[in-house]
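K.L.:
This is the content of target.cif (mmCIF, C-alpha atoms and all ligand atoms):
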```
data_query
#
loop_
_atom_site.label_atom_id
_atom_site.label_comp_id
_atom_site.auth_asym_id
_atom_site.auth_seq_id
_atom_site.Cartn_x
_atom_site.Cartn_y
_atom_site.Cartn_z
CA MET A 1437 119.78 63.10 90.94
CA HIS A 1438 118.36 59.95 89.35
CA LEU A 1439 116.74 57.38 91.59
CA GLU A 1440 115.46 55.08 88.84
CA LEU A 1441 117.15 51.92 87.65
CA THR A 1442 118.20 52.00 84.00
CA ASN A 1443 116.80 49.30 81.72
CA GLU A 1444 120.17 47.56 81.84
CA GLU A 1445 120.13 47.58 85.66
CA ARG A 1446 116.56 46.32 85.74
CA ASP A 1447 117.52 43.45 83.42
CA LEU A 1448 120.51 42.55 85.57
CA HIS A 1449 118.37 42.60 88.70
CA GLY A 1450 115.83 40.31 86.99
CA LYS A 1451 118.55 37.96 85.76
CA ALA A 1452 120.09 37.68 89.24
CA ARG A 1453 116.67 36.98 90.75
CA ALA A 1454 116.03 34.26 88.14
CA PHE A 1455 119.47 32.74 88.81
CA CYS A 1456 118.70 32.63 92.52
CA ASP A 1457 115.24 31.10 91.99
CA GLU A 1458 116.24 28.58 89.32
CA VAL A 1459 119.77 27.60 90.33
CA LEU A 1460 120.29 28.31 94.05
CA LEU A 1461 116.94 27.82 95.79
CA PRO A 1462 116.47 24.23 94.52
CA ARG A 1463 119.74 23.34 96.34
CA GLU A 1464 118.80 24.71 99.75
CA LEU A 1465 117.53 21.47 101.25
CA GLU A 1466 120.50 19.53 99.89
CA VAL A 1467 122.86 21.82 101.83
CA GLU A 1468 120.58 21.60 104.86
CA GLU A 1469 120.68 17.82 104.78
CA HIS A 1470 124.46 17.48 104.36
CA GLY A 1471 125.52 20.57 106.33
CA HIS A 1472 127.45 21.71 103.23
CA LEU A 1473 127.19 21.49 99.44
CA PRO A 1474 128.28 17.97 98.45
CA LYS A 1475 131.40 17.93 96.24
CA GLU A 1476 129.52 16.35 93.30
CA SER A 1477 127.13 19.32 93.16
CA ARG A 1478 129.89 21.91 92.96
CA GLY A 1479 130.81 21.32 89.29
CA PRO A 1480 127.29 21.83 87.89
CA LEU A 1481 126.85 25.00 89.95
CA ARG A 1482 130.22 26.32 88.81
CA ASP A 1483 129.15 25.75 85.20
CA ALA A 1484 125.86 27.54 85.86
CA VAL A 1485 127.68 30.61 87.23
CA ILE A 1486 129.69 30.82 84.00
CA GLU A 1487 126.66 30.18 81.75
CA TRP A 1488 124.66 32.93 83.46
CA GLY A 1489 127.56 35.41 83.15
CA PHE A 1490 128.27 35.84 86.88
CA ALA A 1491 131.93 34.73 86.88
CA GLY A 1492 134.25 37.33 88.46
CA ILE A 1493 131.66 40.12 88.59
CA ASN A 1494 133.96 42.27 90.76
CA HIS A 1495 136.96 42.29 88.41
CA ALA A 1496 137.82 43.96 85.13
CA PRO A 1497 137.41 42.10 81.82
CA GLU A 1498 141.18 42.28 81.20
CA ASP A 1499 141.62 40.27 84.43
CA GLY A 1500 139.03 37.69 83.38
CA GLY A 1501 136.06 39.30 85.14
CA THR A 1502 132.84 40.82 83.85
CA GLY A 1503 133.63 44.38 84.97
CA CYS A 1504 130.38 45.10 86.82
CA SER A 1505 130.16 48.46 88.58
CA ILE A 1506 129.73 48.45 92.38
CA PHE A 1507 126.06 49.32 91.92
CA GLN A 1508 125.57 46.40 89.53
CA GLN A 1509 127.35 44.05 91.95
CA VAL A 1510 125.02 45.16 94.73
CA LEU A 1511 121.96 44.49 92.56
CA ILE A 1512 123.25 40.96 91.93
CA GLN A 1513 124.30 40.26 95.53
CA GLU A 1514 120.98 41.48 96.90
CA GLN A 1515 119.21 38.79 94.88
CA LEU A 1516 121.76 36.09 95.76
CA GLY A 1517 121.26 36.93 99.43
CA ARG A 1518 117.70 35.56 99.20
CA ALA A 1519 119.19 32.05 99.20
CA SER A 1520 119.77 30.40 102.58
CA ASN A 1521 122.70 28.22 103.71
CA GLY A 1522 125.32 30.51 102.17
CA LEU A 1523 124.39 29.45 98.64
CA TRP A 1524 125.22 32.97 97.48
CA ALA A 1525 128.88 31.93 97.81
CA VAL A 1526 128.40 29.71 94.76
CA VAL A 1527 129.05 32.95 92.83
CA TRP A 1528 132.75 33.43 93.49
CA MET A 1529 134.13 36.90 94.10
CA PRO A 1530 137.95 36.73 94.00
CA ALA A 1531 139.14 39.14 96.73
CA ILE A 1532 139.40 42.64 95.34
CA CYS A 1533 143.01 43.09 96.52
CA LEU A 1534 144.14 40.48 93.95
CA LYS A 1535 143.93 43.26 91.36
CA GLU A 1536 146.92 44.88 93.08
CA GLY A 1537 149.08 41.86 92.15
CA THR A 1538 152.01 41.83 89.72
CA ASP A 1539 151.34 40.76 86.12
CA ALA A 1540 152.54 37.24 86.99
CA GLN A 1541 150.32 37.07 90.09
CA LYS A 1542 147.32 38.21 88.06
CA ARG A 1543 148.06 35.62 85.39
CA ASP A 1544 148.54 32.78 87.91
CA TYR A 1545 145.92 33.70 90.52
CA LEU A 1546 143.42 36.41 89.60
CA VAL A 1547 142.59 35.43 86.01
CA PRO A 1548 142.04 31.71 86.77
CA CYS A 1549 139.99 32.69 89.86
CA CYS A 1550 137.70 34.90 87.78
CA ARG A 1551 137.24 32.04 85.32
CA GLY A 1552 136.36 29.60 88.12
CA GLU A 1553 139.51 27.51 87.57
CA ARG A 1554 141.05 28.44 90.94
CA ARG A 1555 139.53 29.77 94.17
CA ASP A 1556 140.91 31.99 96.91
CA CYS A 1557 140.14 32.13 100.61
CA TYR A 1558 141.22 34.82 103.04
CA ALA A 1559 143.04 34.07 106.30
CA VAL A 1560 143.37 36.87 108.82
CA THR A 1561 141.81 35.64 112.09
CA GLU A 1562 143.78 33.60 114.63
CA PRO A 1563 143.06 32.07 118.04
CA ASP A 1564 144.37 35.23 119.78
CA ALA A 1565 143.64 37.81 117.07
CA GLY A 1566 140.06 38.58 116.05
CA SER A 1567 138.84 42.18 116.08
CA ASP A 1568 142.41 43.37 116.70
CA PRO A 1569 144.59 42.16 113.79
CA ARG A 1570 147.69 43.74 115.36
CA LEU A 1571 147.72 40.72 117.68
CA ILE A 1572 148.41 38.36 114.77
CA LYS A 1573 151.20 35.92 115.57
CA THR A 1574 151.66 34.40 112.10
CA ARG A 1575 155.12 35.50 111.08
CA ALA A 1576 157.01 35.49 107.78
CA VAL A 1577 160.78 35.58 108.01
CA LYS A 1578 163.00 36.19 104.97
CA ARG A 1579 165.57 33.51 104.19
CA GLY A 1580 167.48 34.26 100.97
CA ASP A 1581 164.95 34.69 98.14
CA HIS A 1582 161.99 33.23 99.99
CA TYR A 1583 159.95 33.66 103.16
CA VAL A 1584 159.32 31.02 105.84
CA ILE A 1585 155.82 31.28 107.35
CA ASP A 1586 154.70 29.87 110.71
CA GLY A 1587 151.33 30.40 112.36
CA GLU A 1588 147.74 29.30 112.83
CA LYS A 1589 144.60 30.64 111.18
CA TRP A 1590 140.99 30.15 112.25
CA PHE A 1591 137.59 30.45 110.55
CA VAL A 1592 139.09 30.27 107.05
CA THR A 1593 135.91 30.34 105.00
CA SER A 1594 135.91 28.16 101.87
CA PHE A 1595 139.35 26.67 102.63
CA ASP A 1596 138.01 23.33 101.34
CA ALA A 1597 136.88 24.82 98.02
CA ALA A 1598 139.95 27.01 97.54
CA ASP A 1599 143.40 26.03 96.37
CA PHE A 1600 145.26 29.00 97.83
CA MET A 1601 145.01 31.42 100.75
CA ILE A 1602 145.52 35.14 100.84
CA LEU A 1603 147.37 35.04 104.12
CA HIS A 1604 147.77 38.02 106.45
CA ALA A 1605 151.11 37.72 108.31
CA HIS A 1606 153.59 39.97 110.09
CA VAL A 1607 157.04 40.08 108.51
CA ASP A 1608 159.62 39.27 111.23
CA GLY A 1609 156.70 39.10 113.70
CA ASP A 1610 156.55 42.92 113.58
CA ALA A 1611 153.01 44.36 113.80
CA GLU A 1612 154.29 47.40 111.87
CA LYS A 1613 154.88 45.11 108.87
CA PRO A 1614 151.51 43.49 108.11
CA THR A 1615 151.93 41.75 104.77
CA LEU A 1616 149.89 39.50 102.47
CA PHE A 1617 151.15 36.28 100.88
CA LEU A 1618 149.60 33.99 98.29
CA VAL A 1619 149.96 30.54 99.84
CA ASP A 1620 149.09 27.47 97.75
CA HIS A 1621 147.36 24.79 99.80
CA ASP A 1622 149.54 22.00 98.44
CA LEU A 1623 152.78 23.51 99.81
CA PRO A 1624 154.59 21.39 102.41
CA GLY A 1625 153.71 22.63 105.92
CA VAL A 1626 150.13 23.76 105.16
CA ARG A 1627 147.96 21.58 107.39
CA HIS A 1628 144.18 21.53 107.72
CA VAL A 1629 143.49 20.87 111.41
CA ARG A 1630 139.69 20.69 111.57
CA SER A 1631 136.50 22.28 110.33
CA PRO A 1632 134.14 22.84 113.27
CA LYS A 1633 130.37 23.00 112.86
CA PHE A 1634 128.72 26.39 113.13
CA MET A 1635 125.23 27.73 113.83
CA HIS A 1636 124.51 28.08 110.13
CA ASN A 1637 124.93 25.54 107.38
CA TYR A 1638 127.15 26.90 104.64
CA ILE A 1639 128.12 25.49 101.27
CA HIS A 1640 131.79 25.28 102.31
CA GLU A 1641 133.74 24.85 105.56
CA HIS A 1642 135.28 27.40 107.94
CA ALA A 1643 138.61 25.73 108.62
CA GLU A 1644 141.38 25.89 111.17
CA VAL A 1645 144.76 25.73 109.46
CA VAL A 1646 148.33 25.51 110.69
CA LEU A 1647 151.35 26.78 108.74
CA ASP A 1648 154.49 25.03 109.81
CA GLY A 1649 157.67 26.33 108.18
CA VAL A 1650 155.89 26.99 104.86
CA GLU A 1651 158.31 28.33 102.26
CA VAL A 1652 157.01 30.79 99.67
CA GLY A 1653 159.00 32.74 97.11
CA ALA A 1654 159.27 36.52 97.57
CA ASP A 1655 157.25 36.72 94.33
CA LYS A 1656 154.22 35.42 96.28
CA MET A 1657 154.00 38.59 98.34
CA LEU A 1658 150.87 40.57 97.38
CA GLY A 1659 151.76 44.27 97.56
CA GLY A 1660 154.81 45.29 99.57
CA VAL A 1661 156.04 44.65 103.10
CA GLY A 1662 153.78 46.61 105.49
CA GLU A 1663 150.97 47.08 102.95
CA GLY A 1664 148.91 44.11 104.15
CA PHE A 1665 146.55 45.99 106.41
CA GLU A 1666 145.53 48.52 103.76
CA LEU A 1667 144.91 45.72 101.24
CA THR A 1668 142.92 43.75 103.82
CA LYS A 1669 140.88 46.90 104.51
CA ASP A 1670 139.94 46.99 100.80
CA TRP A 1671 138.74 43.40 101.14
CA PHE A 1672 136.76 44.31 104.29
CA VAL A 1673 135.03 47.12 102.40
CA GLU A 1674 134.09 44.78 99.56
CA ALA A 1675 132.92 42.05 101.93
CA ARG A 1676 130.92 44.48 104.11
CA LEU A 1677 129.13 45.83 101.06
CA GLU A 1678 128.37 42.30 99.94
CA ILE A 1679 127.03 41.40 103.41
CA ALA A 1680 124.79 44.48 103.42
CA ALA A 1681 123.35 43.47 100.03
CA HIS A 1682 122.79 39.86 101.16
CA CYS A 1683 121.05 41.12 104.30
CA VAL A 1684 118.62 43.26 102.29
CA GLY A 1685 117.86 40.31 99.99
CA ALA A 1686 117.42 37.85 102.87
CA ALA A 1687 115.20 40.23 104.83
CA THR A 1688 113.06 40.85 101.75
CA ARG A 1689 112.55 37.13 101.19
CA ALA A 1690 111.65 36.54 104.85
CA ALA A 1691 109.18 39.44 104.78
CA GLU A 1692 107.60 38.16 101.53
CA ILE A 1693 107.08 34.69 103.03
CA ALA A 1694 105.61 36.14 106.25
CA ASN A 1695 103.35 38.53 104.34
CA GLU A 1696 102.00 35.70 102.20
CA HIS A 1697 101.42 33.54 105.27
CA ALA A 1698 99.63 36.34 107.12
CA ALA A 1699 97.22 36.70 104.19
CA THR A 1700 96.29 33.01 104.06
CA ARG A 1701 96.56 31.75 107.63
CA VAL A 1702 93.13 31.92 109.28
CA GLN A 1703 92.71 31.91 113.08
CA PHE A 1704 89.72 33.11 115.09
CA GLY A 1705 87.76 33.34 111.82
CA ARG A 1706 90.00 35.74 109.89
CA PRO A 1707 93.39 35.96 108.19
CA ILE A 1708 95.97 36.77 110.86
CA ARG A 1709 97.01 39.90 108.97
CA ASP A 1710 93.67 41.38 110.04
CA PHE A 1711 94.94 41.45 113.61
CA GLN A 1712 96.62 44.78 114.11
CA ALA A 1713 99.48 43.15 116.02
CA ILE A 1714 100.44 41.24 112.84
CA GLU A 1715 99.68 44.09 110.46
CA PHE A 1716 102.03 46.37 112.38
CA MET A 1717 104.78 43.75 112.27
CA ILE A 1718 104.42 43.61 108.48
CA ALA A 1719 104.48 47.41 108.28
CA ASP A 1720 107.62 47.57 110.41
CA MET A 1721 109.39 44.97 108.27
CA ALA A 1722 108.54 46.85 105.07
CA VAL A 1723 109.78 50.17 106.43
CA GLU A 1724 113.00 48.63 107.79
CA ILE A 1725 113.76 47.08 104.40
CA MET A 1726 112.89 50.27 102.54
CA ALA A 1727 115.31 52.31 104.67
CA ALA A 1728 118.17 49.78 104.48
CA LYS A 1729 117.76 49.30 100.73
CA SER A 1730 117.81 53.06 100.16
CA MET A 1731 121.04 53.28 102.13
CA LEU A 1732 122.53 50.32 100.25
CA TYR A 1733 121.78 51.74 96.82
CA ARG A 1734 122.97 55.20 97.82
CA VAL A 1735 126.34 54.02 99.16
CA ALA A 1736 126.92 51.75 96.14
CA TRP A 1737 126.06 54.60 93.80
CA GLU A 1738 128.45 56.92 95.65
CA ILE A 1739 131.33 54.44 95.48
CA ASP A 1740 130.96 54.33 91.69
CA ARG A 1741 131.28 58.13 91.72
CA ASP A 1742 134.62 57.87 93.47
CA ILE A 1743 133.96 59.64 96.76
CA GLY A 1744 137.41 58.68 98.05
CA ARG A 1745 138.77 55.66 99.89
CA LYS A 1746 138.34 57.02 103.43
CA LEU A 1747 134.73 58.08 102.96
CA VAL A 1748 133.93 54.74 101.32
CA HIS A 1749 135.38 52.90 104.33
CA ALA A 1750 133.44 55.13 106.75
CA ARG A 1751 130.09 54.77 104.97
CA VAL A 1752 130.38 51.04 104.30
CA SER A 1753 130.86 50.45 108.06
CA ALA A 1754 127.57 52.24 108.72
CA LEU A 1755 125.90 50.30 105.92
CA LYS A 1756 127.07 46.90 107.16
CA LEU A 1757 126.05 47.75 110.73
CA HIS A 1758 122.58 48.93 109.76
CA CYS A 1759 121.75 46.24 107.21
CA SER A 1760 122.93 43.34 109.37
CA GLU A 1761 121.04 44.57 112.43
CA MET A 1762 117.96 45.36 110.33
CA ALA A 1763 117.96 41.88 108.82
CA GLY A 1764 118.22 40.31 112.28
CA ARG A 1765 115.13 42.22 113.42
CA VAL A 1766 113.16 41.50 110.24
CA VAL A 1767 113.84 37.78 110.16
CA ASP A 1768 112.92 37.50 113.85
CA THR A 1769 109.60 39.25 113.16
CA ALA A 1770 108.95 37.12 110.07
CA LEU A 1771 109.54 33.96 112.08
CA GLN A 1772 107.09 35.15 114.76
CA ILE A 1773 104.39 35.72 112.12
CA LEU A 1774 104.91 32.17 110.85
CA GLY A 1775 104.41 30.70 114.31
CA GLY A 1776 105.55 27.06 114.70
CA ARG A 1777 106.08 26.72 110.96
CA GLY A 1778 108.76 29.39 111.16
CA TYR A 1779 110.70 27.21 113.57
CA MET A 1780 110.92 24.27 111.14
CA ARG A 1781 114.24 23.78 109.39
CA GLU A 1782 112.44 23.12 106.13
CA ASN A 1783 111.19 26.70 106.26
CA PRO A 1784 113.55 29.23 104.58
CA VAL A 1785 112.85 31.77 107.32
CA GLU A 1786 114.21 29.44 110.00
CA ARG A 1787 117.39 28.94 107.94
CA LEU A 1788 117.77 32.65 107.25
CA TYR A 1789 117.33 33.30 110.99
CA ARG A 1790 120.41 31.17 111.68
CA ASP A 1791 122.32 32.44 108.62
CA LEU A 1792 121.91 36.12 109.40
CA ARG A 1793 123.33 35.96 112.91
CA VAL A 1794 126.91 35.81 111.68
CA ASP A 1795 126.46 39.01 109.68
CA ARG A 1796 126.75 40.93 112.96
CA ILE A 1797 130.07 39.17 113.67
CA TRP A 1798 132.19 38.50 110.58
CA GLU A 1799 134.07 41.15 108.64
CA GLY A 1800 134.03 43.27 111.80
CA THR A 1801 131.47 42.90 114.59
CA SER A 1802 128.73 45.47 115.13
CA GLU A 1803 130.81 46.92 117.97
CA ILE A 1804 133.82 47.35 115.68
CA GLN A 1805 131.63 49.07 113.05
CA ARG A 1806 130.37 51.44 115.77
CA ALA A 1807 133.97 52.11 116.82
CA VAL A 1808 134.86 52.97 113.19
CA ILE A 1809 131.81 55.24 112.90
CA GLY A 1810 132.49 56.92 116.26
CA GLY A 1811 136.11 57.51 115.27
CA GLN A 1812 135.10 59.05 111.94
CA ILE A 1813 132.61 61.37 113.65
CA LYS A 1814 135.30 62.49 116.12
CA LYS A 1815 137.75 63.19 113.28
CA ARG A 1816 135.50 64.55 110.57
CA GLY A 1817 132.20 65.49 112.14
CA LEU A 1818 128.69 64.05 112.09
CA GLU A 1819 128.17 65.17 108.48
CA VAL A 1820 130.10 62.10 107.29
CA TYR A 1821 126.84 60.29 108.09
CA THR A 1822 124.18 62.98 108.37
CA GLY A 1823 125.26 65.13 105.40
CA TRP A 1824 124.55 64.33 101.78
CA ASN A 1825 127.85 64.89 99.93
C1 LIG A 1901 131.38 31.69 110.24
C2 LIG A 1901 132.58 32.58 110.29
C3 LIG A 1901 133.37 32.73 109.17
C4 LIG A 1901 134.50 33.54 109.21
N1 LIG A 1901 135.31 33.64 108.09
C5 LIG A 1901 136.52 34.27 108.20
C6 LIG A 1901 137.46 34.24 107.11
O1 LIG A 1901 137.18 33.70 106.03
N2 LIG A 1901 138.67 34.79 107.30
C7 LIG A 1901 139.02 35.42 108.46
O2 LIG A 1901 140.14 35.92 108.56
N3 LIG A 1901 138.15 35.49 109.50
C8 LIG A 1901 136.91 34.92 109.41
N4 LIG A 1901 136.03 34.96 110.46
C9 LIG A 1901 136.43 35.61 111.70
C10 LIG A 1901 135.65 36.88 112.02
O3 LIG A 1901 136.03 37.91 111.17
C11 LIG A 1901 135.86 37.18 113.52
O4 LIG A 1901 135.12 36.20 114.24
C12 LIG A 1901 135.45 38.56 113.90
O5 LIG A 1901 136.29 39.53 113.33
C13 LIG A 1901 135.46 38.76 115.42
O6 LIG A 1901 136.63 38.28 116.00
P1 LIG A 1901 136.54 37.27 117.23
O7 LIG A 1901 135.58 36.19 116.89
O8 LIG A 1901 137.91 36.85 117.60
O9 LIG A 1901 135.90 38.11 118.41
P2 LIG A 1901 136.67 39.09 119.42
O10 LIG A 1901 137.49 40.06 118.66
O11 LIG A 1901 137.33 38.29 120.47
O12 LIG A 1901 135.43 39.87 120.04
C14 LIG A 1901 134.61 39.31 121.07
C15 LIG A 1901 133.60 40.38 121.49
O13 LIG A 1901 134.29 41.56 121.96
C16 LIG A 1901 133.86 42.68 121.21
N5 LIG A 1901 134.98 43.61 121.04
C17 LIG A 1901 136.23 43.35 120.60
N6 LIG A 1901 136.95 44.48 120.53
C18 LIG A 1901 136.12 45.50 120.88
C19 LIG A 1901 136.23 46.91 120.97
N7 LIG A 1901 137.37 47.53 120.65
N8 LIG A 1901 135.15 47.63 121.36
C20 LIG A 1901 134.00 47.01 121.69
N9 LIG A 1901 133.81 45.68 121.60
C21 LIG A 1901 134.85 44.94 121.21
C22 LIG A 1901 133.39 42.13 119.88
O14 LIG A 1901 132.50 43.01 119.23
C23 LIG A 1901 132.72 40.84 120.33
O15 LIG A 1901 131.42 41.12 120.79
C24 LIG A 1901 134.85 34.21 110.42
C25 LIG A 1901 134.04 34.06 111.55
C26 LIG A 1901 132.91 33.26 111.49
C27 LIG A 1901 132.06 33.11 112.73
#
```
Could you express the structure from this file as structure tokens?
Ligand SMILES: Cc1cc2nc3c(=O)[nH]c(=O)nc-3n(C[C@H](O)[C@H](O)[C@H](O)COP(=O)(O)OP(=O)(O)OC[C@H]3O[C@@H](n4cnc5c(N)ncnc54)[C@H](O)[C@@H]3O)c2cc1C

P.N.:
Amino acid sequence: MHLELTNEERDLHGKARAFCDEVLLPRELEVEEHGHLPKESRGPLRDAVIEWGFAGINHAPEDGGTGCSIFQQVLIQEQLGRASNGLWAVVWMPAICLKEGTDAQKRDYLVPCCRGERRDCYAVTEPDAGSDPRLIKTRAVKRGDHYVIDGEKWFVTSFDAADFMILHAHVDGDAEKPTLFLVDHDLPGVRHVRSPKFMHNYIHEHAEVVLDGVEVGADKMLGGVGEGFELTKDWFVEARLEIAAHCVGAATRAAEIANEHAATRVQFGRPIRDFQAIEFMIADMAVEIMAAKSMLYRVAWEIDRDIGRKLVHARVSALKLHCSEMAGRVVDTALQILGGRGYMRENPVERLYRDLRVDRIWEGTSEIQRAVIGGQIKKRGLEVYTGWN
């Protein structure tokens, strides 16, 4: 068993850290001020992603990506996660299920997405369907050689930056036929309703969208009728892994800032780190990050060794649960060490505190992850989590 990074992995890690420091961090206050990344800043950042070699890191070179392994992607995402205000999303990751498309779909959607010429967003959630996607009401009904789609989607992240949706619908309104469609935003009947404000600032919007009699050709179906849930599960796994990596990166940055502050802030005649109350907080943060990072690297490493789809799904739920809850605790502690300065919006720790809250909600809440884990233990035993193979 090798626990060291190879030279290539170390270089990639260093490059991702430099990208975050040089390209993303200087934009944080701009996003804070506007509540999103202004449109005129998007082009230069897109060009930077291509120049630095981070375009389509999760897809194969033949599909226009860079073909990074899961472990390499995690090394990159961990560093991107250090940036507040969702700036990590500057580095586009076309949804993994696009690789299941037909040759024409790959040519028209996946390849241009990897190159940064198009952008996808993913629409599952609805007003009455959140944790339980079987409650989805968006329906697709076949009429001749096309489908007519009606429904409403909420929280569609990056709708404003994307030009098509990967839309989760039920064919004929039948929950046994969950199916994905590629829906171009400029089709008649696709209507942006509003983009509410959220606790965090994020480079793009989380939109509410109505589909009113939208006609798409049968060739826009991704996978087959009834295969939508399995494909969406693949996307969940990818997104949960990405969230876990961001959480480790964000927690590390918050801990670094707090540690530095504790060494230089003097009260009652000594640096505050000399008070055991503060020293123990720093120790706890370090241990929390060490444990979560070990779990992150282990699970990523295992996925590259093909442990099987079910085990990947099971372990990634545990990883997302642990890393998101760990990051919440760490950033709260870091903010406490910073005192009033930690409560200022100009302080990265304050922004990360707001940013990290959603990681316990999106892509499956903490309760849903626990339900997945509990179900796996019931079916396959505790060893799924406590064993080593
Ligand atoms: C900023 C943001 C961006 C998002 N981006 C996207 C996106 O791009 N695309 C997309 O499709 N969705 C997106 N979402 C939606 C997100 O995935 C959902 O919010 C999430 O899945 C939870 O659904 P819900 O909000 O409807 O909560 P609900 O499902 O209504 O849950 C409410 C509460 O009940 C609990 N609960 C529900 N069921 C159970 C259960 N079985 N056992 C125990 N507790 C339970 C939940 O854990 C939660 O605490 C986004 C959400 C946010 C906030």

K.L.:
Which protein, DNA or RNA residues have an atom within 9 Å of ligand LIG 1901 (chain A), counting all atoms listed in the file, as a JSON list (two decimals) with C-alpha atoms, keeping the file's coordinate frame?

P.N.:
```json
[["chain", "number", "residue", "atom", "x", "y", "z"],
["A", 1557, "CYS", "CA", 140.14, 32.13, 100.61],
["A", 1558, "TYR", "CA", 141.22, 34.82, 103.04],
["A", 1559, "ALA", "CA", 143.04, 34.07, 106.30],
["A", 1560, "VAL", "CA", 143.37, 36.87, 108.82],
["A", 1561, "THR", "CA", 141.81, 35.64, 112.09],
["A", 1562, "GLU", "CA", 143.78, 33.60, 114.63],
["A", 1563, "PRO", "CA", 143.06, 32.07, 118.04],
["A", 1564, "ASP", "CA", 144.37, 35.23, 119.78],
["A", 1565, "ALA", "CA", 143.64, 37.81, 117.07],
["A", 1566, "GLY", "CA", 140.06, 38.58, 116.05],
["A", 1567, "SER", "CA", 138.84, 42.18, 116.08],
["A", 1568, "ASP", "CA", 142.41, 43.37, 116.70],
["A", 1569, "PRO", "CA", 144.59, 42.16, 113.79],
["A", 1589, "LYS", "CA", 144.60, 30.64, 111.18],
["A", 1590, "TRP", "CA", 140.99, 30.15, 112.25],
["A", 1591, "PHE", "CA", 137.59, 30.45, 110.55],
["A", 1592, "VAL", "CA", 139.09, 30.27, 107.05],
["A", 1593, "THR", "CA", 135.91, 30.34, 105.00],
["A", 1594, "SER", "CA", 135.91, 28.16, 101.87],
["A", 1595, "PHE", "CA", 139.35, 26.67, 102.63],
["A", 1603, "LEU", "CA", 147.37, 35.04, 104.12],
["A", 1604, "HIS", "CA", 147.77, 38.02, 106.45],
["A", 1634, "PHE", "CA", 128.72, 26.39, 113.13],
["A", 1635, "MET", "CA", 125.23, 27.73, 113.83],
["A", 1636, "HIS", "CA", 124.51, 28.08, 110.13],
["A", 1638, "TYR", "CA", 127.15, 26.90, 104.64],
["A", 1641, "GLU", "CA", 133.74, 24.85, 105.56],
["A", 1642, "HIS", "CA", 135.28, 27.40, 107.94],
["A", 1643, "ALA", "CA", 138.61, 25.73, 108.62],
["A", 1794, "VAL", "CA", 126.91, 35.81, 111.68],
["A", 1795, "ASP", "CA", 126.46, 39.01, 109.68],
["A", 1796, "ARG", "CA", 126.75, 40.93, 112.96],
["A", 1797, "ILE", "CA", 130.07, 39.17, 113.67],
["A", 1798, "TRP", "CA", 132.19, 38.50, 110.58],
["A", 1799, "GLU", "CA", 134.07, 41.15, 108.64],
["A", 1800, "GLY", "CA", 134.03, 43.27, 111.80],
["A", 1801, "THR", "CA", 131.47, 42.90, 114.59],
["A", 1802, "SER", "CA", 128.73, 45.47, 115.13],
["A", 1803, "GLU", "CA", 130.81, 46.92, 117.97],
["A", 1804, "ILE", "CA", 133.82, 47.35, 115.68],
["A", 1805, "GLN", "CA", 131.63, 49.07, 113.05],
["A", 1806, "ARG", "CA", 130.37, 51.44, 115.77],
["A", 1807, "ALA", "CA", 133.97, 52.11, 116.82]]
```

K.L.:
So that I can check the surroundings of Glu1464 (chain A), please list as a PyMOL selection string every protein, DNA and RNA residue that reaches within 8 Å of it, counting all atoms listed in the file and ignoring chain neighbours fewer than 3 positions away.

P.N.:
chain A and resi 1460-1461+1467-1468+1519-1521+1523

K.L.:
Tell me which of A:Gly1552, A:Arg1627, A:Arg1787, A:Leu1658 sits closest to Thr1538 (chain A), counting all atoms listed in the file.

P.N.:
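So, comparing all the options, the nearest one is A:Leu1658.
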
K.L.:
Work out how far CA of His1640 (chain A) is from CA of Lys1475 (chain A), in Å to one decimal.

P.N.:
9.5 Å

K.L.:
With all atoms listed in the file as the atoms that count, which of A:Ile1708, A:Val1607, A:Leu1755, A:Ala1496 lies nearest to Arg1551 (chain A)?

P.N.:
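Under the stated criterion, the closest residue is A:Ala1496.
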
K.L.:
Suppose you want the space between CA of Gly1609 (chain A) and CA of Glu1644 (chain A); what is it in Å?

P.N.:
20.4 Å

K.L.:
Given the choices A:Glu1588, A:Asp1581, A:Glu1612, A:Glu1738, which gets closest to Gly1653 (chain A) if the distance is worked out from all atoms listed in the file?

P.N.:
A:Asp1581

K.L.:
Quick one: residues within 10 Å of Leu1439 (chain A), all atoms listed in the file, excluding same-chain residues fewer than 4 positions away - as a VMD selection string?

P.N.:
chain A and resid 1730 1733 to 1734 1737

K.L.:
Dump C-alpha atoms for the selected residues as an mmCIF file, in the coordinates of the input?

P.N.:
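Writing done, so here's out16.cif:
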```cif
data_model
loop_
_atom_site.group_PDB
_atom_site.id
_atom_site.type_symbol
_atom_site.label_atom_id
_atom_site.label_comp_id
_atom_site.auth_asym_id
_atom_site.auth_seq_id
_atom_site.Cartn_x
_atom_site.Cartn_y
_atom_site.Cartn_z
ATOM 1 C CA SER A 1730 117.810 53.060 100.160
ATOM 2 C CA TYR A 1733 121.780 51.740 96.820
ATOM 3 C CA ARG A 1734 122.970 55.200 97.820
ATOM 4 C CA TRP A 1737 126.060 54.600 93.800
#
```
